[in-house]
$ cat target-v2.txt   # compact mmCIF, C-alpha atoms
# COMPACT_ATOMS: atom_id res chain seq x y z
CA MET A 1 38.74 20.03 8.19
CA TYR A 2 38.69 16.64 6.45
CA ALA A 3 39.21 13.48 8.49
CA VAL A 4 41.12 10.73 6.71
CA THR A 5 41.18 7.14 7.92
CA GLY A 6 43.73 4.65 6.62
CA ILE A 7 46.25 7.48 6.24
CA THR A 8 49.20 5.19 6.97
CA GLY A 9 48.31 3.12 3.88
CA LYS A 10 48.66 3.89 0.19
CA VAL A 11 45.11 5.07 -0.52
CA GLY A 12 44.59 7.09 2.65
CA ALA A 13 47.98 8.76 2.20
CA ALA A 14 47.09 9.66 -1.38
CA VAL A 15 43.81 11.19 -0.20
CA ALA A 16 45.61 13.29 2.40
CA ARG A 17 48.34 14.44 0.00
CA SER A 18 45.73 15.52 -2.53
CA LEU A 19 43.78 17.49 0.06
CA LEU A 20 46.91 19.15 1.39
CA SER A 21 47.98 20.12 -2.12
CA ALA A 22 44.61 21.85 -2.47
CA ASP A 23 45.27 23.73 0.80
CA ARG A 24 42.56 21.82 2.62
CA PRO A 25 43.05 21.08 6.33
CA VAL A 26 43.45 17.39 7.17
CA ARG A 27 42.87 15.44 10.36
CA ALA A 28 44.90 12.23 10.26
CA VAL A 29 43.12 9.38 12.04
CA VAL A 30 45.73 6.94 13.38
CA ARG A 31 45.75 4.12 15.89
CA ASP A 32 49.10 5.18 17.35
CA ARG A 33 50.10 8.84 17.74
CA SER A 34 53.66 8.04 16.70
CA LYS A 35 52.36 6.93 13.29
CA GLY A 36 50.94 10.41 12.79
CA ALA A 37 54.23 12.24 13.40
CA ALA A 38 55.08 12.66 9.71
CA TRP A 39 51.58 13.99 9.03
CA ALA A 40 51.80 16.38 11.97
CA ASP A 41 55.00 17.73 10.42
CA LEU A 42 52.96 18.50 7.30
CA GLY A 43 50.49 20.51 9.35
CA CYS A 44 47.79 17.87 9.89
CA ASP A 45 45.69 17.63 13.00
CA ILE A 46 46.14 14.22 14.64
CA ALA A 47 43.30 12.11 16.05
CA VAL A 48 44.10 8.83 17.77
CA ALA A 49 41.35 6.27 17.25
CA ASP A 50 41.17 2.55 16.64
CA LEU A 51 38.54 1.61 14.07
CA ALA A 52 36.98 -0.67 16.65
CA ASP A 53 36.54 2.24 19.09
CA ALA A 54 33.33 4.05 18.15
CA ARG A 55 33.74 6.70 20.84
CA ALA A 56 37.25 7.70 19.70
CA LEU A 57 36.15 7.66 16.07
CA THR A 58 33.22 9.92 16.86
CA LYS A 59 35.57 12.47 18.37
CA ALA A 60 37.86 12.18 15.33
CA PHE A 61 34.98 12.84 12.92
CA GLU A 62 33.26 15.67 14.83
CA GLY A 63 33.22 19.11 13.26
CA THR A 64 34.54 17.98 9.88
CA GLU A 65 33.62 19.03 6.37
CA GLY A 66 34.00 15.45 5.26
CA VAL A 67 35.33 12.04 6.19
CA PHE A 68 37.23 9.59 4.03
CA ALA A 69 36.19 6.25 5.49
CA MET A 70 37.75 2.90 4.71
CA LEU A 71 37.82 -0.49 6.35
CA PRO A 72 41.13 -2.18 7.17
CA PRO A 73 41.64 -5.09 4.77
CA VAL A 74 40.87 -8.56 6.09
CA PHE A 75 42.32 -11.00 3.56
CA ASP A 76 41.59 -14.16 5.53
CA PRO A 77 38.15 -13.57 7.06
CA ALA A 78 36.40 -16.02 9.31
CA PRO A 79 33.01 -17.20 8.05
CA GLY A 80 30.44 -14.42 8.18
CA PHE A 81 33.09 -11.66 8.23
CA PRO A 82 32.89 -11.06 12.01
CA GLU A 83 36.01 -8.84 12.10
CA ALA A 84 34.75 -6.55 9.34
CA ARG A 85 31.23 -6.44 10.78
CA GLY A 86 32.70 -5.08 14.01
CA PHE A 87 34.57 -2.35 12.13
CA ILE A 88 31.44 -1.50 10.13
CA THR A 89 29.37 -1.14 13.30
CA SER A 90 31.93 1.18 14.88
CA MET A 91 32.26 3.23 11.71
CA TYR A 92 28.49 3.62 11.33
CA THR A 93 28.01 4.55 14.98
CA ALA A 94 30.74 7.19 14.84
CA LEU A 95 29.57 8.75 11.57
CA ALA A 96 25.94 8.79 12.67
CA GLU A 97 26.86 10.50 15.93
CA ALA A 98 29.45 12.95 14.55
CA LYS A 99 27.39 13.88 11.47
CA PRO A 100 30.17 15.18 9.20
CA LYS A 101 28.91 17.19 6.24
CA LYS A 102 29.70 14.34 3.85
CA VAL A 103 31.34 10.92 3.67
CA VAL A 104 33.40 9.32 0.92
CA ALA A 105 33.64 5.60 1.68
CA LEU A 106 36.13 3.42 -0.16
CA SER A 107 34.32 0.45 -1.65
CA THR A 108 35.21 -1.88 -4.50
CA ILE A 109 34.25 -3.30 -7.83
CA GLY A 110 32.13 -6.33 -6.99
CA ALA A 111 30.60 -4.84 -3.86
CA ASP A 112 27.23 -5.50 -5.50
CA ALA A 113 28.10 -9.00 -6.79
CA PRO A 114 25.39 -11.47 -5.76
CA ASN A 115 27.69 -14.49 -5.51
CA PRO A 116 29.65 -15.24 -2.31
CA ASN A 117 33.21 -13.91 -2.39
CA LEU A 118 35.74 -11.84 -0.45
CA LEU A 119 34.36 -8.52 -1.72
CA ASN A 120 30.95 -9.11 -0.13
CA VAL A 121 32.33 -7.36 2.94
CA LEU A 122 32.27 -4.01 1.12
CA GLY A 123 28.68 -4.72 0.15
CA LEU A 124 27.93 -5.09 3.86
CA MET A 125 29.63 -1.74 4.48
CA GLU A 126 27.57 -0.06 1.75
CA ASP A 127 24.35 -1.52 3.14
CA ALA A 128 25.14 -0.07 6.56
CA LEU A 129 26.46 3.36 5.60
CA LYS A 130 23.76 4.09 3.03
CA THR A 131 21.37 4.67 5.94
CA LEU A 132 23.51 7.48 7.40
CA PRO A 133 21.77 10.85 7.81
CA VAL A 134 24.49 12.59 5.77
CA PRO A 135 25.46 12.57 2.06
CA VAL A 136 27.55 9.51 1.18
CA VAL A 137 29.57 8.50 -1.87
CA PHE A 138 30.67 4.90 -2.30
CA LEU A 139 33.86 4.98 -4.36
CA ARG A 140 34.03 1.55 -6.01
CA SER A 141 37.61 1.12 -7.14
CA ALA A 142 38.96 -1.51 -9.50
CA TRP A 143 41.70 -4.04 -8.67
CA PHE A 144 44.71 -2.13 -7.32
CA MET A 145 47.69 -2.09 -9.67
CA GLU A 146 49.89 -2.04 -6.59
CA ASN A 147 48.87 -5.63 -5.83
CA ALA A 148 51.62 -6.43 -8.33
CA ALA A 149 54.15 -5.63 -5.60
CA TRP A 150 53.86 -9.30 -4.66
CA ASP A 151 55.23 -10.19 -8.11
CA ILE A 152 58.41 -8.10 -8.05
CA ALA A 153 60.72 -10.85 -6.81
CA SER A 154 59.48 -13.46 -9.28
CA ALA A 155 59.46 -10.92 -12.13
CA ARG A 156 63.16 -10.43 -11.57
CA GLU A 157 63.48 -14.18 -12.14
CA GLY A 158 61.63 -13.85 -15.44
CA ASN A 159 58.04 -14.84 -14.62
CA ILE A 160 54.96 -13.90 -12.64
CA GLN A 161 52.48 -16.43 -11.30
CA SER A 162 48.94 -15.42 -12.19
CA TYR A 163 45.66 -16.46 -10.63
CA LEU A 164 43.87 -14.11 -13.02
CA GLN A 165 43.10 -16.18 -16.10
CA PRO A 166 43.10 -16.52 -19.07
CA LEU A 167 46.37 -14.65 -19.36
CA ASP A 168 45.21 -12.47 -22.25
CA ARG A 169 41.96 -11.37 -20.59
CA PRO A 170 42.11 -7.76 -19.33
CA ILE A 171 40.41 -6.78 -16.10
CA PRO A 172 39.73 -3.33 -14.60
CA MET A 173 42.66 -2.03 -12.54
CA ILE A 174 43.48 1.32 -10.95
CA ALA A 175 46.50 2.94 -9.30
CA THR A 176 46.09 3.88 -5.64
CA ASP A 177 47.25 7.45 -6.36
CA ASP A 178 44.31 7.80 -8.77
CA VAL A 179 41.99 6.45 -6.07
CA GLY A 180 43.31 9.00 -3.59
CA ARG A 181 43.00 11.92 -5.99
CA THR A 182 39.45 10.92 -6.90
CA ALA A 183 38.39 10.54 -3.28
CA ALA A 184 39.88 13.94 -2.39
CA ALA A 185 38.06 15.54 -5.31
CA LEU A 186 34.77 13.96 -4.24
CA LEU A 187 35.23 15.24 -0.69
CA GLN A 188 35.33 18.75 -2.12
CA GLU A 189 32.15 18.30 -4.20
CA HIS A 190 28.59 18.97 -3.10
CA TRP A 191 25.80 16.44 -3.45
CA GLU A 192 22.74 15.14 -1.64
CA GLY A 193 21.80 11.61 -0.70
CA ARG A 194 23.69 8.53 -1.92
CA ARG A 195 26.01 8.16 -4.90
CA VAL A 196 28.09 5.36 -6.36
CA VAL A 197 31.23 6.31 -8.29
CA GLU A 198 33.07 3.59 -10.18
CA LEU A 199 36.77 4.06 -10.90
CA GLU A 200 39.21 2.20 -13.13
CA GLY A 201 42.22 2.94 -15.30
CA ALA A 202 41.93 4.17 -18.86
CA GLN A 203 43.04 0.75 -20.12
CA ARG A 204 42.19 -2.64 -18.66
CA VAL A 205 45.14 -4.87 -17.83
CA SER A 206 45.70 -8.56 -18.59
CA PRO A 207 48.30 -10.73 -16.84
CA ASN A 208 50.27 -10.70 -20.09
CA ALA A 209 50.20 -6.89 -20.12
CA LEU A 210 51.34 -6.88 -16.50
CA ALA A 211 54.28 -9.12 -17.41
CA ASP A 212 55.11 -6.81 -20.31
CA ALA A 213 55.14 -3.83 -17.95
CA PHE A 214 57.61 -5.61 -15.68
CA ALA A 215 59.73 -6.51 -18.72
CA LYS A 216 59.94 -2.87 -19.80
CA VAL A 217 61.05 -1.64 -16.39
CA LEU A 218 63.43 -4.52 -15.65
CA ALA A 219 64.80 -4.54 -19.23
CA GLN A 220 64.51 -8.32 -19.42
CA PRO A 221 61.97 -10.88 -20.61
CA VAL A 222 59.14 -11.55 -18.18
CA ARG A 223 56.22 -13.85 -18.87
CA ALA A 224 53.00 -14.64 -17.05
CA GLU A 225 52.27 -18.21 -16.00
CA ALA A 226 48.80 -19.41 -15.00
CA VAL A 227 48.57 -21.13 -11.62
CA PRO A 228 46.35 -24.22 -12.04
CA ARG A 229 42.97 -23.75 -10.37
CA ASP A 230 43.20 -27.04 -8.48
CA ARG A 231 46.34 -25.85 -6.68
CA TRP A 232 44.99 -22.56 -5.36
CA GLU A 233 43.63 -23.78 -2.04
CA SER A 234 46.77 -25.70 -1.07
CA ILE A 235 48.96 -22.74 -2.02
CA PHE A 236 46.88 -20.30 -0.01
CA ARG A 237 46.81 -22.59 3.01
CA ALA A 238 50.57 -23.03 2.79
CA GLN A 239 50.83 -19.23 2.90
CA GLY A 240 49.01 -19.30 6.23
CA MET A 241 45.39 -18.73 5.24
CA LYS A 242 42.78 -20.51 7.35
CA TYR A 243 39.77 -19.57 5.23
CA PRO A 244 40.86 -19.37 1.57
CA THR A 245 37.42 -19.93 0.05
CA PRO A 246 36.32 -16.24 -0.13
CA ARG A 247 39.57 -15.29 -1.87
CA ILE A 248 39.20 -18.14 -4.34
CA GLN A 249 35.60 -17.13 -5.02
CA MET A 250 36.70 -13.55 -5.68
CA ILE A 251 39.33 -14.59 -8.21
CA ASP A 252 36.79 -16.89 -9.86
CA GLY A 253 34.48 -13.88 -10.14
CA PHE A 254 37.07 -11.79 -11.98
CA ASN A 255 37.99 -14.70 -14.23
CA ALA A 256 34.38 -15.57 -15.07
CA GLY A 257 33.41 -11.92 -15.51
CA TRP A 258 30.67 -11.70 -12.89
CA ILE A 259 32.84 -9.27 -10.94
CA ASP A 260 32.92 -6.22 -13.20
CA PHE A 261 31.46 -2.76 -13.55
CA PRO A 262 28.12 -2.45 -15.38
CA ASN A 263 28.52 -2.23 -19.16
CA ARG A 264 32.23 -3.06 -18.73
CA GLY A 265 32.91 0.31 -17.15
CA ALA A 266 31.30 2.45 -19.83
CA ASN A 267 30.13 4.92 -17.17
CA SER A 268 33.08 4.65 -14.78
CA ARG A 269 35.53 7.43 -14.08
CA LYS A 270 38.99 6.80 -15.49
CA GLY A 271 42.34 7.26 -13.80
CA SER A 272 45.37 8.79 -15.47
CA ILE A 273 48.05 6.28 -14.41
CA GLY A 274 48.71 3.32 -16.69
CA ILE A 275 50.18 -0.03 -15.75
CA ASP A 276 53.63 0.82 -17.12
CA GLN A 277 53.88 3.88 -14.88
CA ALA A 278 52.49 2.00 -11.87
CA ILE A 279 55.01 -0.82 -12.21
CA ALA A 280 57.88 1.62 -12.73
CA THR A 281 56.90 3.36 -9.48
CA LEU A 282 56.67 0.05 -7.62
CA ILE A 283 60.14 -0.98 -8.77
CA GLN A 284 61.60 2.41 -7.89
CA ARG A 285 60.13 2.26 -4.39
CA ALA A 286 61.43 -1.29 -3.94
CA LEU A 287 64.95 -0.06 -4.67
CA THR A 288 64.83 2.81 -2.13

$ encode --input "target-v2.txt" --output "structure tokens"
Amino acid sequence: MYAVTGITGKVGAAVARSLLSADRPVRAVVRDRSKGAAWADLGCDIAVADLADARALTKAFEGTEGVFAMLPPVFDPAPGFPEARGFITSMYTALAEAKPKKVVALSTIGADAPNPNLLNVLGLMEDALKTLPVPVVFLRSAWFMENAAWDIASAREGNIQSYLQPLDRPIPMIATDDVGRTAAALLQEHWEGRRVVELEGAQRVSPNALADAFAKVLAQPVRAEAVPRDRWESIFRAQGMKYPTPRIQMIDGFNAGWIDFPNRGANSRKGSIGIDQAIATLIQRALT
């Protein structure tokens, strides 16, 4: 039995689908039993546990071959990441008590970046979980291609607004289906101690390449436009953010290059989905 957290999201669902396709039993960890109904129909065991509830998580993880562990995203964290720290504490407590045979924890490119930024929270998670008394893999994924879902409406108008700059500079990206397949494969491997696995697509993607991918699918011109750096904070606050600084620092890190894989990903695993396919899938899902 493999316990999968975050199963109602894109990555967790991809992990579960990959395990099921390999005829592996899956325990879907959900906050609300009703959200697990579709997974129960597929033959999954259902465990109801909030990620802040260490006792319920322990029960969900007990007796498992492996656990796919991920933190819920906090895009507007208060200073010091108090929300995420609470989730990390609960996750560590549950895993240490349940002692699954292995853990694959979803981390991120930049988890080891020394400069302050939004991705530091995954560094905190790694620091905590690396002391677990069970084998652990930290799967550091690149920027999700599916983040481009926010650009669909503007792409239909002929442009996408980019905070990633310069527009011709490619950065590491990955499709969530590739993340899920990789995590499922790792759960079925054997190893001892701690590992870090870096994952990105076969080709890095620039904002211009992203615009080109939209243009191909929409069959119309689409161009990328750089959002001036001095407007970022006001834009983010207008969108409802109270603490935009960590997000701004993260984007600065990608743009300046200090958020990256070592040796520009020379030793990273590579996904099979390219940006054209990822954007085509996003558009198709938006139409259904």

$ closest_residue --input "target-v2.txt" --among "A:Leu118, A:Ala213, A:Ala38, A:Val103" --to "Thr245 (chain A)" --atoms "only C-alpha atoms"
A:Leu118

$ atom_distance --input "target-v2.txt" --atom1 "CA of Leu164 (chain A)" --atom2 "CA of Asn255 (chain A)"
6.0 Å

$ closest_residue --input "target-v2.txt" --among "A:Ser107, A:Gln203, A:Ser18, A:Thr176" --to "Tyr2 (chain A)" --atoms "only C-alpha atoms"
A:Ser18

$ closest_residue --input "target-v2.txt" --among "A:Asp260, A:Glu189, A:Asp252, A:Glu198" --to "Ala113 (chain A)" --atoms "only C-alpha atoms"
A:Asp260

$ residues_around --input "target-v2.txt" --residues "Leu57 (chain A)" --least-positions-apart "6" --cutoff "7 Å" --atoms "only C-alpha atoms" --output "ChimeraX atom specification"
/A:49,51,94

$ closest_residue --input "target-v2.txt" --among "A:Pro72, A:Gly66, A:Pro207, A:Gly201" --to "Pro25 (chain A)" --atoms "only C-alpha atoms"
A:Gly66

$ residues_around --input "target-v2.txt" --residues "region 183-186 of chain A" --least-positions-apart "6" --cutoff "7 Å" --atoms "all atoms listed in the file" --output "ChimeraX atom specification"
/A:15,18-19,104

$ atom_distance --input "target-v2.txt" --atom1 "CA of Lys242 (chain A)" --atom2 "CA of Arg156 (chain A)"
29.6 Å

$ closest_residue --input "target-v2.txt" --among "A:Ser234, A:Ser154, A:Ser272, A:Asn159" --to "Val179 (chain A)" --atoms "all atoms listed in the file"
A:Ser272

$ closest_residue --input "target-v2.txt" --among "A:Val121, A:Ile171, A:Val67, A:Ala153" --to "Trp258 (chain A)" --atoms "only C-alpha atoms"
A:Ile171

$ residues_around --input "target-v2.txt" --residues "Gly80 (chain A)" --least-positions-apart "4" --cutoff "12 Å" --atoms "all atoms listed in the file" --output "ChimeraX atom specification"
/A:76,84-86,116-118,120-121,124,243,246

$ atom_distance --input "target-v2.txt" --atom1 "CA of Asp177 (chain A)" --atom2 "CA of Gln239 (chain A)"
28.5 Å

$ residues_around --input "target-v2.txt" --residues "Arg55 (chain A)" --least-positions-apart "2" --cutoff "10 Å" --atoms "all atoms listed in the file" --output "PyMOL selection string"
chain A and resi 49-53+57-60+90-91+93-94+97-98

$ axis_aligned_box --input "target-v2.txt" --around "region 6-23 of chain A" --padding-each-side "5 Å" --output "lines of an AutoDock Vina configuration file"
center_x = 46.5
center_y = 13.4
center_z = 2.2
size_x = 15.5
size_y = 30.6
size_z = 19.5

$ residues_near_point --input "target-v2.txt" --point "(41.7, 4.6, -13.7)" --cutoff "6 Å" --atoms "all atoms listed in the file" --output "number ranges by chain"
A: 174, 199-202, 270-272

$ residues_around --input "target-v2.txt" --residues "Gly6 (chain A)" --least-positions-apart "6" --cutoff "8 Å" --atoms "all atoms listed in the file" --output "number ranges by chain"
A: 12-13, 29-30, 69-72
